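Below: one structure, written as structure tokens.
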Amino acid sequence: MALDPRHKSHTMVDGPGRAAARSYLKSVGFTTDDLQKPLVMVAHSWIGTMPCNFNHRQLADAVSQGIRDAGGTPMEVNTISISDGISMGTEGMKASLISRELIADSIELAGVGYSFDAAVVIVGCDKTIPAGAMSLARLNIPSLMLYAGSIAPGHYQGRDITIQDVFEGVGQQAAGIIDEAELEEMVDAACPGAGACGAQFTANTMAMAMEFMGLAPMGSGSVGATMPEKMDVGRNCGQLVMDVLMRGQVPRDILTRDAFENGIAGAAATGGSTNVVLHLLALAREVGVDLDIDDFDRISEATPLIGDLRPGGRYNALDLHRAGGIGLVARRLVDAGKLHGTVQTVTGKTISEEAANAQETAGQDVVRPIGSPLKDTGGLVILKGNLAPEGCVIKVAGYERFEHRGPARVFDCEEDAFAAVTAREIKSGDVVVIRYEGPRGGPGMREMLGVTAALVGEGLGEEVALLTDGRFSGATRGLMAGHVAPEAADGGPIGLVRDGDIIRFDIRGRELTLEVDAGELENRRAEWRERPPRYTQGVFAKYARLVSSASEGAVTG
């Protein structure tokens with residue numbers, strides 16, 4: 001539907017009554033001619049503390065040039081970001097999921113505060129991607145998202161490595177498999193420049209989901225952060241958003257129920273991060289789409305695993321780009337009838353039309369044919385039972401263990417669990433339980449990559465299980481159940497588990513069971529007392545008061 005290209009900005013800058021606004025804007029370099037064109041927000045989260053978003057300012061320049069070339073006036077805004085990888089295992093990790101809400105709020109506030117006509121949101125690390133989508137859903141102005149791209153792999157002892165190898169190296173060093181000098185060599189090699197984590201971890205999973213849902217142009221995300229052609233992608237996106245504006249297409253035209261199902265299918269087909277569950281539930285709530293946790297299990301069960309990507313597979317994100325990119329995955333699924341092909345995208349084409357343009361590199365084996373998948377079903381599974389009445393999320397891509405039964409080793413915070421792992425106190429068969437780390441109890445629902453990677457590094461990845469009301473990194477592998485809901489801080493059954501209790505994982509039966517008599521559990525419940533909040537003021541306290549269950553996306557509004 002045609003839209004006045006200056007449908008918002010004319011109220012901000014036109015006429016005698018807006019003279020002061022024009023004066024302020026001219027003081028920072030805008031001209032009279034600039035202010036008579038559509039004003040386009042170029043939002044990003046550059047920060048000088050991590051590689052994931054380190055190219056955002058450079059990419060914003062390219063996007064801005066594309067906007068100018070197409071007749072618009074770009075205005076750059078930015079917000080914060082928190083590195084999961086850097087803060088992992090510390091109190092700082094509690095800031096990560098909370099930052100999703102703050103980033104979304106910040107972009108929304110800038111969008112409304114400056115009456116932008118359109119927007120390009122540049123995203124990079126894990127929480128910036130869902131936050132960017134949430135903000136655009138709220139603003140509902142012509143807009144698109146651009147993923148800043150994956151980091152290149154590092155090289156160590158003749159092989160490609162990623163940050164996953166460093167996290168697992170911590171466990172190897174604790175087990176005496178490597179020494180501190182070797183670990184430090186891995187540290188120096190793993191991250192050679194800008195870009196988000198280099199495999200199908202949370203950032204790349206969410207970037208793929210955004211393309212499958214149509215909110216980001218197909219093929220834009222798989223171009224690596226430091227590849228020269230990334231600047232061309234940026235300029236093209238700047239030009240494209242002006243076309244989106246002229247067409248009057250807004251995010252809520254794109255973010256339909258079918259689009260969400262496509263996003264889930266893309267994550268399931270590539271062994272993507274369990275965090276996609278949390279983030280798509282949150283985004284669905286923003287646009288009023290009826291999506292629940294069981295939909296992820298249903299769609300994953302119907303979607304073959306065809307992407308041979310780390311952490312469960314062999315290849316990294318740039319290998320996928322060289323093989324044919326995200327479009328190749330989409331083409332495989334469209335041809336097999338596993339996607340809703342009529343879903344609209346920001347390019348004005350359907351997902352089927354975009355997928356048809358994918359070019360497969362001869363001889364590649366990163367993306368398997370539908371007829372010979374890595375597995376017949378996708379990597380996301382939802383378990384329920386007396387230990388997780390509202391559900392929990394588990395990823396089964398990359399290994400074949402579908403059952404585990406063992407005694408609980410209970411920890412009330414991540415630090416205690418990590419100390420036990422590195423002290424070699426966890427034994428084969430154990431079920432590590434980490435609780436009071438949920439959205440409210442943490443607060444902030446920390447990721448447990450430090451713990452899970454250390455277990456893998458010690459050689460216990462296939463011999464123990466872990467469950468938590470916190471989250472897992474996209475780099476996590478092994479039998480690990482996260483997002484257990486209700487969480488311990490809300491009186492969930494995970495708060496009633498005691499050391500030595502037997503816990504059973506039944507992946508095929510979709511059950512997570514605490515083998516304790518119901519009467520005994522009721523006695524324990526009567527004795528349970530709510531814990532005082534870990535924070536009583538500031539943003540952490542505010543978040544804990546407002547946040548919903550993980551089964552509802554851990555949202556605050």
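In the structure tokens, chains take letters A, B, ... by order of appearance, with residues numbered from 1 within each chain and ligands from 1 in the order shown.
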>> List the spatial neighbours of A:Arg235 as a PyMOL selection string - criterion: any atom at most 10 Å away, only C-alpha atoms, same-chain residues fewer than 4 positions off excluded.
In response: chain A and resi 59-70+230-231+239-240
>> Can you pull out the residues contacting stretch 423-437 of chain A? Cut-off 8 Å, using only C-alpha atoms, and skip same-chain residues under 2 positions away; I want them as JSON, numbers by chain.
In response: {"A": [174, 175, 404, 405, 406, 407, 408, 409, 410, 411, 412, 413, 414, 417, 419, 420, 421, 439, 440, 441, 442, 443, 444, 445, 446, 460, 463, 464, 465, 466, 467, 468, 469, 470, 487, 488, 489, 494, 495, 503]}
Enumerate, in order of chain and increasing residue number, the residues of stretch 294-394 of chain A with an atom no farther than 9 Å from stretch 248-270 of chain A, each with its shortest atom pair and distance in Å to one decimal, counting only C-alpha atoms, as JSON lines.
{"residue": "A:Asp295", "atom": "CA", "partner": "A:Glu261", "partner_atom": "CA", "distance": 8.2}
{"residue": "A:Phe296", "atom": "CA", "partner": "A:Ile264", "partner_atom": "CA", "distance": 6.5}
{"residue": "A:Ile299", "atom": "CA", "partner": "A:Ala265", "partner_atom": "CA", "distance": 6.3}
{"residue": "A:Ser300", "atom": "CA", "partner": "A:Ala268", "partner_atom": "CA", "distance": 5.3}
{"residue": "A:Glu301", "atom": "CA", "partner": "A:Ala268", "partner_atom": "CA", "distance": 8.6}
{"residue": "A:Ala302", "atom": "CA", "partner": "A:Ala265", "partner_atom": "CA", "distance": 8.5}
{"residue": "A:Thr303", "atom": "CA", "partner": "A:Ala269", "partner_atom": "CA", "distance": 6.1}
{"residue": "A:Pro304", "atom": "CA", "partner": "A:Ala269", "partner_atom": "CA", "distance": 5.7}
{"residue": "A:Leu305", "atom": "CA", "partner": "A:Ala269", "partner_atom": "CA", "distance": 4.2}
{"residue": "A:Ile306", "atom": "CA", "partner": "A:Ala269", "partner_atom": "CA", "distance": 5.5}
{"residue": "A:Gly307", "atom": "CA", "partner": "A:Thr270", "partner_atom": "CA", "distance": 4.2}
{"residue": "A:Asp308", "atom": "CA", "partner": "A:Thr270", "partner_atom": "CA", "distance": 6.9}
{"residue": "A:Leu309", "atom": "CA", "partner": "A:Thr270", "partner_atom": "CA", "distance": 6.6}
{"residue": "A:Ile326", "atom": "CA", "partner": "A:Gly266", "partner_atom": "CA", "distance": 8.9}
{"residue": "A:Val329", "atom": "CA", "partner": "A:Gly266", "partner_atom": "CA", "distance": 7.5}
{"residue": "A:Ala330", "atom": "CA", "partner": "A:Gly266", "partner_atom": "CA", "distance": 7.4}
{"residue": "A:Leu333", "atom": "CA", "partner": "A:Gly266", "partner_atom": "CA", "distance": 8.3}
{"residue": "A:Lys338", "atom": "CA", "partner": "A:Ala265", "partner_atom": "CA", "distance": 7.5}
{"residue": "A:Leu339", "atom": "CA", "partner": "A:Asn262", "partner_atom": "CA", "distance": 5.5}
{"residue": "A:His340", "atom": "CA", "partner": "A:Asp258", "partner_atom": "CA", "distance": 6.1}
{"residue": "A:Gly341", "atom": "CA", "partner": "A:Asn262", "partner_atom": "CA", "distance": 8.8}
{"residue": "A:Thr342", "atom": "CA", "partner": "A:Asp258", "partner_atom": "CA", "distance": 8.8}
{"residue": "A:Val343", "atom": "CA", "partner": "A:Ala259", "partner_atom": "CA", "distance": 6.0}
{"residue": "A:Gln344", "atom": "CA", "partner": "A:Ile254", "partner_atom": "CA", "distance": 5.8}
{"residue": "A:Thr345", "atom": "CA", "partner": "A:Ile254", "partner_atom": "CA", "distance": 6.4}
{"residue": "A:Val346", "atom": "CA", "partner": "A:Gln249", "partner_atom": "CA", "distance": 7.6}
{"residue": "A:Gly348", "atom": "CA", "partner": "A:Gln249", "partner_atom": "CA", "distance": 8.5}
{"residue": "A:Val367", "atom": "CA", "partner": "A:Thr270", "partner_atom": "CA", "distance": 8.6}
{"residue": "A:Thr377", "atom": "CA", "partner": "A:Ala269", "partner_atom": "CA", "distance": 7.9}
{"residue": "A:Gly378", "atom": "CA", "partner": "A:Ala268", "partner_atom": "CA", "distance": 4.5}
{"residue": "A:Gly379", "atom": "CA", "partner": "A:Ala268", "partner_atom": "CA", "distance": 5.1}
{"residue": "A:Leu380", "atom": "CA", "partner": "A:Ala268", "partner_atom": "CA", "distance": 5.9}
> Taking only C-alpha atoms into account, which of A:Glu522, A:Asp160, A:Glu390, A:Glu286 comes nearest A:Pro486?
Replying inline: A:Glu390
> What is the atom CA of A:Leu109-atom CA of A:Leu139 distance in Å, reported with one decimal?
Replying inline: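 Computed distance, atom CA of A:Leu109 to atom CA of A:Leu139, equals 9.1 Å.
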>> Residues near A:Ile163, anyone? I mean within 10 Å using only C-alpha atoms, not counting same-chain ones fewer than 3 positions away, as a PyMOL selection string.
In response: chain A and resi 85+153-154+166-169+186-187+189-191+197-199+475
>> DSSP on the backbone, strand (DSSP E) only: what residues of stretch 103-315 of chain A does that give? Format it as a PyMOL selection string.
In response: chain A and resi 118-123+143-147+154-156+159-161
>> Among stretch 275-323 of chain A, which ones does DSSP assign to helix (DSSP H, G or I) (computed from the backbone)? Answer as JSON, numbers by chain.
In response: {"A": [275, 276, 277, 278, 279, 280, 281, 282, 283, 284, 285, 286, 287, 293, 294, 295, 296, 297, 298, 299, 300, 301, 317, 318, 319, 320, 321, 322, 323]}
Do you know which residues are at most 12 Å from A:Phe540 counting only C-alpha atoms, after dropping those on the same chain fewer than 5 positions away, and could you put them as a JSON list (two decimals) with N, CA, C and O atoms, in the first residue's frame?
[["chain", "number", "residue", "atom", "x", "y", "z"],
["A", 91, "GLU", "N", 28.90, -12.65, 37.21],
["A", 91, "GLU", "CA", 27.69, -11.91, 37.53],
["A", 91, "GLU", "C", 27.24, -11.06, 36.34],
["A", 91, "GLU", "O", 26.05, -10.82, 36.12],
["A", 92, "GLY", "N", 28.21, -10.64, 35.52],
["A", 92, "GLY", "CA", 27.91, -9.82, 34.36],
["A", 92, "GLY", "C", 27.02, -10.49, 33.35],
["A", 92, "GLY", "O", 26.31, -9.83, 32.58],
["A", 93, "MET", "N", 27.04, -11.84, 33.32],
["A", 93, "MET", "CA", 26.20, -12.57, 32.37],
["A", 93, "MET", "C", 24.72, -12.31, 32.62],
["A", 93, "MET", "O", 23.90, -12.45, 31.72],
["A", 94, "LYS", "N", 24.38, -11.93, 33.84],
["A", 94, "LYS", "CA", 22.97, -11.65, 34.15],
["A", 94, "LYS", "C", 22.46, -10.43, 33.38],
["A", 94, "LYS", "O", 21.26, -10.24, 33.22],
["A", 95, "ALA", "N", 23.39, -9.61, 32.90],
["A", 95, "ALA", "CA", 23.00, -8.42, 32.14],
["A", 95, "ALA", "C", 22.59, -8.75, 30.72],
["A", 95, "ALA", "O", 21.92, -7.94, 30.06],
["A", 96, "SER", "N", 22.95, -9.92, 30.22],
["A", 96, "SER", "CA", 22.78, -10.20, 28.79],
["A", 96, "SER", "C", 21.32, -10.23, 28.36],
["A", 96, "SER", "O", 20.90, -9.46, 27.49],
["A", 97, "LEU", "N", 20.53, -11.12, 28.95],
["A", 97, "LEU", "CA", 19.13, -11.21, 28.52],
["A", 97, "LEU", "C", 18.38, -9.93, 28.87],
["A", 97, "LEU", "O", 17.51, -9.48, 28.12],
["A", 98, "ILE", "N", 18.72, -9.33, 29.99],
["A", 98, "ILE", "CA", 18.10, -8.06, 30.37],
["A", 98, "ILE", "C", 18.37, -7.01, 29.29],
["A", 98, "ILE", "O", 17.52, -6.17, 28.98],
["A", 99, "SER", "N", 19.55, -7.07, 28.68],
["A", 99, "SER", "CA", 19.89, -6.09, 27.65],
["A", 99, "SER", "C", 18.97, -6.19, 26.44],
["A", 99, "SER", "O", 18.77, -5.20, 25.73],
["A", 101, "GLU", "N", 15.78, -6.43, 26.43],
["A", 101, "GLU", "CA", 14.66, -5.52, 26.67],
["A", 101, "GLU", "C", 15.12, -4.07, 26.56],
["A", 101, "GLU", "O", 14.41, -3.23, 25.98],
["A", 102, "LEU", "N", 16.29, -3.76, 27.09],
["A", 102, "LEU", "CA", 16.78, -2.39, 27.07],
["A", 102, "LEU", "C", 17.10, -1.94, 25.64],
["A", 102, "LEU", "O", 16.81, -0.80, 25.25],
["A", 439, "PRO", "N", 14.85, -16.43, 34.72],
["A", 439, "PRO", "CA", 14.66, -15.00, 34.43],
["A", 439, "PRO", "C", 14.51, -14.15, 35.68],
["A", 439, "PRO", "O", 15.14, -13.09, 35.79],
["A", 440, "ARG", "N", 13.73, -14.61, 36.64],
["A", 440, "ARG", "CA", 13.52, -13.84, 37.87],
["A", 440, "ARG", "C", 14.56, -14.18, 38.93],
["A", 440, "ARG", "O", 15.06, -13.30, 39.63],
["A", 441, "GLY", "N", 14.89, -15.44, 39.07],
["A", 441, "GLY", "CA", 15.77, -15.86, 40.15],
["A", 441, "GLY", "C", 17.20, -15.42, 39.97],
["A", 441, "GLY", "O", 17.91, -15.16, 40.95],
["A", 442, "GLY", "N", 17.69, -15.35, 38.72],
["A", 442, "GLY", "CA", 19.07, -14.97, 38.49],
["A", 442, "GLY", "C", 19.47, -13.63, 39.09],
["A", 442, "GLY", "O", 20.41, -13.57, 39.88],
["A", 443, "PRO", "N", 18.77, -12.55, 38.73],
["A", 443, "PRO", "CA", 17.88, -12.48, 37.58],
["A", 443, "PRO", "C", 18.67, -12.45, 36.28],
["A", 443, "PRO", "O", 19.89, -12.26, 36.29],
["A", 444, "GLY", "N", 17.97, -12.70, 35.18],
["A", 444, "GLY", "CA", 18.61, -12.56, 33.88],
["A", 444, "GLY", "C", 18.91, -13.83, 33.15],
["A", 444, "GLY", "O", 19.38, -13.80, 32.03],
["A", 445, "MET", "N", 18.70, -15.00, 33.77],
["A", 445, "MET", "CA", 18.74, -16.27, 33.05],
["A", 445, "MET", "C", 20.09, -16.49, 32.35],
["A", 445, "MET", "O", 20.18, -16.56, 31.13],
["A", 533, "PRO", "N", 15.14, -11.46, 47.00],
["A", 533, "PRO", "CA", 15.74, -11.12, 45.70],
["A", 533, "PRO", "C", 17.22, -10.81, 45.85],
["A", 533, "PRO", "O", 17.66, -10.26, 46.87],
["A", 534, "ARG", "N", 18.00, -11.18, 44.83],
["A", 534, "ARG", "CA", 19.43, -10.92, 44.85],
["A", 534, "ARG", "C", 19.74, -9.44, 44.66],
["A", 534, "ARG", "O", 20.80, -8.97, 45.06],
["A", 535, "TYR", "N", 18.82, -8.73, 44.03],
["A", 535, "TYR", "CA", 18.98, -7.29, 43.85],
["A", 535, "TYR", "C", 17.71, -6.60, 44.36],
["A", 535, "TYR", "O", 16.60, -7.07, 44.11],
["A", 545, "ARG", "N", 11.17, -7.96, 38.93],
["A", 545, "ARG", "CA", 9.78, -7.70, 39.30],
["A", 545, "ARG", "C", 8.84, -7.87, 38.10],
["A", 545, "ARG", "O", 7.68, -8.23, 38.26],
["A", 546, "LEU", "N", 9.34, -7.62, 36.90],
["A", 546, "LEU", "CA", 8.46, -7.55, 35.73],
["A", 546, "LEU", "C", 8.49, -8.78, 34.84],
["A", 546, "LEU", "O", 7.52, -9.03, 34.10],
["A", 547, "VAL", "N", 9.56, -9.56, 34.87],
["A", 547, "VAL", "CA", 9.78, -10.57, 33.84],
["A", 547, "VAL", "C", 8.81, -11.75, 33.95],
["A", 547, "VAL", "O", 8.43, -12.17, 35.04],
["A", 556, "THR", "N", 9.12, -8.49, 29.52],
["A", 556, "THR", "CA", 8.81, -7.61, 30.64],
["A", 556, "THR", "C", 7.59, -6.74, 30.39],
["A", 556, "THR", "O", 7.24, -5.92, 31.23]]
> For A:Pro217, which of A:Leu281, A:Ala355, A:Ala21, A:Leu3 is the closest residue, counting only C-alpha atoms?
Replying inline: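 So, comparing all the options, the nearest one is A:Ala355.
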